[in-house]
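Data first, discussion second: the structure below is written as structure tokens.
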Amino acid sequence: MDRVAIGLLATGLLCVATGLLPTGSASDAMTRIAPLLAFLGTVIVLAELTSRAEVFDVVAARVARAGKGSYPLLFLLCVLFASVTTIALNLDTTAVLLTPVMLALASRVGIAPVPLAMTTVWLANTASLLLPVSNLTNLLAANRVALSPLGLAGRMWAPQLAALSVTMACLWLFFWRRGRREGPVADGSGLMAAVPVSGPGTARADDVRADAADRYVPPAVHRPADRVLFRACALACAGFLLAILVADVPLWTASGTAALVAVTAFGVRQRSALRLSLVPWRLLVMVPGMFLVVETFDAHGLHHLLAAAVGIDGGTLGLFRAAGVGGGLSNALNNLPVYLAGEAAVPVGNHDQLLALLVGTNAGPVITPWASLATLLWYERCHAYGVRVPVGRLMGTGAVLAVCAVAAAVAALALTR
């Protein structure tokens with residue numbers, strides 16, 4: 001991942017230096033993503049410190065206890081948790097704040113971390129169709145077709161339900177069924193990855209409590225070592241969520257303020273935890289590079305290519321075509337710039353075609369690690385916890401989910417026109 005990040009930034013800067021990307025376009029791109037970079041940097045610091053304060057361990061223990069020892073019930077709770085978080089907040093918040101909860105949960109119930117990690121990243125993408133707040137692309141689409149939040153939900157409820165149903169089926173088939181979820185060590189197929197031997201999310205012997213009856217023993221209530229840090233970071237996270245939900249505060253402002261609260265608390269109680277490695281340097285290098293490269297493609301015909309690929313057909317076949325192009329290019333490049341370029345290529349009056357493109361760019365980016373910002377954030381969180389998801393398995397299972405979820409969601413969109 002380090003090499004990819006550095007390579008992308010170097011390629012983007014080379015495009016600017018050689019004139020392939022005009023400096024004006026590069027400057028505009030950097031201005032647009034500056035708030036995004038501020039959000040990335042501060043929300044990761046918030047997540048790291050919140051994890052150290054054991055907030056995620058407490059939440060994970062409560063989820064495990066709510067499952068009452070039943071893996072199927074735990075699966076449904078995790079799906080519901082991830083879906084509601086994505087729909088009501090946004091997919092990036094799910095990737096940052098829910099991933100540590102899921103990974104901490106793995107050690108509590110004797111399950112490999114990969115099924116829980118995949119639940120988070122898949123639902124962060126496929127559950128992001130319903131409301132404008134769920135995804136930045138939704139906000140752009142709602143403005144384009146003049147739909148209120150309720151109006152967008154009224155149009156997208158069926159595609160969202162279809163995408164969630166397919167995601168649940170794929171999660172159970174590939175990761176959650178008996179024989180797939182056992183862990184926390186790798187099986188012969190390389191599907192499962194180990195939890196780290198130290199650091200956040202570390203599995204402890206007394207936390208692994210599965211038995212032969214396909215059930216687990218619910219863990220005891222988790223009590224944090226430093227209650228002051230726990231309360232400060234819990235309040236910081238709650239304030240962040242309330243700010244973006246109720247007060248309509250920009251993401252970077254809300255995350256920056258919450259991170260400042262957490263940093264201040266640790267500065268008083270545990271200064272040794274504050275170090276430069278808390279900052280997500282890989283993401284802060286990768287994202288500007290990725291946008292510069294995509295801007296270069298756009299300056300040299302990406303818009304015309306998308307216009308030709310998407311077409312002007314607003315019928316059922318046109319919907320599938322737009323969604324397929326959006327999903328495919330999102331995995332090759334990244335869903336946000338692909339949606340922006342694709343939106344300009346869709347004729348103004350073809351609202352359903354635009355919504356199909358939205359389905360493709362939201363539910364489709366589950367194959368490559370760079371396909372969406374949420375996936376990049378999730379990958380960063382997994383890396384911080386020492387959880388390795390085999391790229392081949394990620395892409396293989398993701399391809400099945402992308403094709404099936406996008407097809408089902410577009411079919412639901414066409415049937416409810």
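Quick note on naming: the chains in the structure tokens go A, B, ... in the order shown, residues restart at 1 in each chain, and ligands are numbered from 1 in order of appearance.
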> Which residues in segment 82-183 of chain A does DSSP call helix (DSSP H, G or I)? List them as a PyMOL selection string.
Replying inline: chain A and resi 82-88+91-109+113-126+132-134+136-144+149-176
Could you pull the residues within 10 Å of segment 27-44 of chain A, counting only C-alpha atoms, minus those fewer than 4 positions along the same chain, as an mmCIF file with C-alpha atoms, in the first residue's frame?
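Output below, filename result_19.cif:
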data_model
loop_
_atom_site.group_PDB
_atom_site.id
_atom_site.type_symbol
_atom_site.label_atom_id
_atom_site.label_comp_id
_atom_site.auth_asym_id
_atom_site.auth_seq_id
_atom_site.Cartn_x
_atom_site.Cartn_y
_atom_site.Cartn_z
ATOM 1 C CA VAL A 16 1.501 18.256 -13.729
ATOM 2 C CA PRO A 22 -2.793 21.834 -16.730
ATOM 3 C CA THR A 23 -1.801 23.573 -13.513
ATOM 4 C CA GLU A 48 -7.050 5.700 16.819
ATOM 5 C CA LEU A 49 -7.402 7.485 20.149
ATOM 6 C CA THR A 50 -10.968 6.278 20.659
ATOM 7 C CA ASP A 92 -16.908 6.913 5.459
ATOM 8 C CA THR A 93 -17.995 7.139 9.098
ATOM 9 C CA VAL A 96 -13.609 4.564 10.237
ATOM 10 C CA LEU A 97 -15.657 4.077 13.409
ATOM 11 C CA CYS A 237 -17.462 10.446 18.928
ATOM 12 C CA PHE A 240 -19.046 14.121 15.902
ATOM 13 C CA PRO A 250 -19.074 20.105 7.469
ATOM 14 C CA LEU A 251 -17.445 16.713 7.956
ATOM 15 C CA TRP A 252 -13.933 18.087 8.385
ATOM 16 C CA THR A 253 -15.052 20.631 11.001
ATOM 17 C CA ALA A 254 -16.904 18.002 13.018
ATOM 18 C CA SER A 255 -14.064 15.460 12.835
ATOM 19 C CA GLY A 256 -11.426 18.116 13.598
ATOM 20 C CA THR A 257 -13.249 19.309 16.693
ATOM 21 C CA ALA A 258 -13.837 15.767 17.941
ATOM 22 C CA ALA A 259 -10.188 14.838 17.307
ATOM 23 C CA LEU A 260 -9.068 17.921 19.242
ATOM 24 C CA LEU A 278 -1.372 8.483 14.445
ATOM 25 C CA VAL A 279 -1.662 10.561 11.258
ATOM 26 C CA PRO A 280 -2.685 8.434 8.213
ATOM 27 C CA TRP A 281 0.223 9.423 5.977
ATOM 28 C CA LEU A 283 -4.030 8.070 2.719
ATOM 29 C CA LEU A 284 -2.908 11.697 2.750
ATOM 30 C CA VAL A 285 -0.375 10.819 0.047
ATOM 31 C CA VAL A 287 -5.743 10.570 -2.278
ATOM 32 C CA PRO A 288 -4.146 13.670 -3.898
ATOM 33 C CA GLY A 289 -2.207 11.412 -6.259
ATOM 34 C CA PHE A 291 -7.280 12.679 -7.976
ATOM 35 C CA LEU A 292 -4.433 14.153 -10.017
ATOM 36 C CA VAL A 294 -8.003 10.901 -12.679
ATOM 37 C CA GLU A 295 -8.008 14.615 -13.540
ATOM 38 C CA LEU A 373 -12.817 6.328 -0.174
ATOM 39 C CA LEU A 377 -10.387 4.083 5.011
ATOM 40 C CA GLU A 380 -6.223 1.664 6.627
ATOM 41 C CA ARG A 381 -8.103 0.595 9.770
#
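Residue nearest Cys404 of chain A, chosen from A:Leu136, A:Leu276, A:Gly327, A:Asn143 and counting only C-alpha atoms: A:Gly327.
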>> If we count only C-alpha atoms and set the cut-off at 10 Å, which residues sit around Val391 of chain A, ignoring sequence neighbours fewer than 4 positions away in its own chain? Please answer as a PyMOL selection string.
In response: chain A and resi 367-369+395-396
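Across A:Ala88, A:Val121, A:Arg62, A:Val79, the tightest approach to Val389 of chain A is made by A:Val121 when counting only C-alpha atoms.
You can rank A:Arg180, A:Arg393, A:Arg223, A:Arg144 by their closest distance to Val59 of chain A using only C-alpha atoms, and at the top of that list sits A:Arg223.
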> So which residues touch Arg321 of chain A within 7 Å, counting only C-alpha atoms, skipping near sequence neighbours fewer than 4 positions away, as a count of residues only?
Replying inline: 3
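You will find atom CA of Val406 of chain A at 17.3 Å from atom CA of Leu394 of chain A.
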> Looking at A:Leu103, A:Leu161, A:Ala238, A:Met286, which one is nearest to Asp2 of chain A, with distances taken over only C-alpha atoms?
Replying inline: A:Met286
> Between atom CA of Ala117 of chain A and atom CA of Val101 of chain A, what is the spacing in Å?
Replying inline: 9.5 Å
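Proximity ranking of A:Ile6, A:Ile244, A:Ala363, A:Ala232 relative to Asn331 of chain A places A:Ala363 first, based on only C-alpha atoms.
Across A:Asn362, A:Thr126, A:Thr18, A:Ser51, the tightest approach to Leu229 of chain A is made by A:Ser51 when counting only C-alpha atoms.
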>> I need the residues in segment 102-327 of chain A that are strand (DSSP E or B) according to DSSP; give them as a count of residues only.
In response: 5
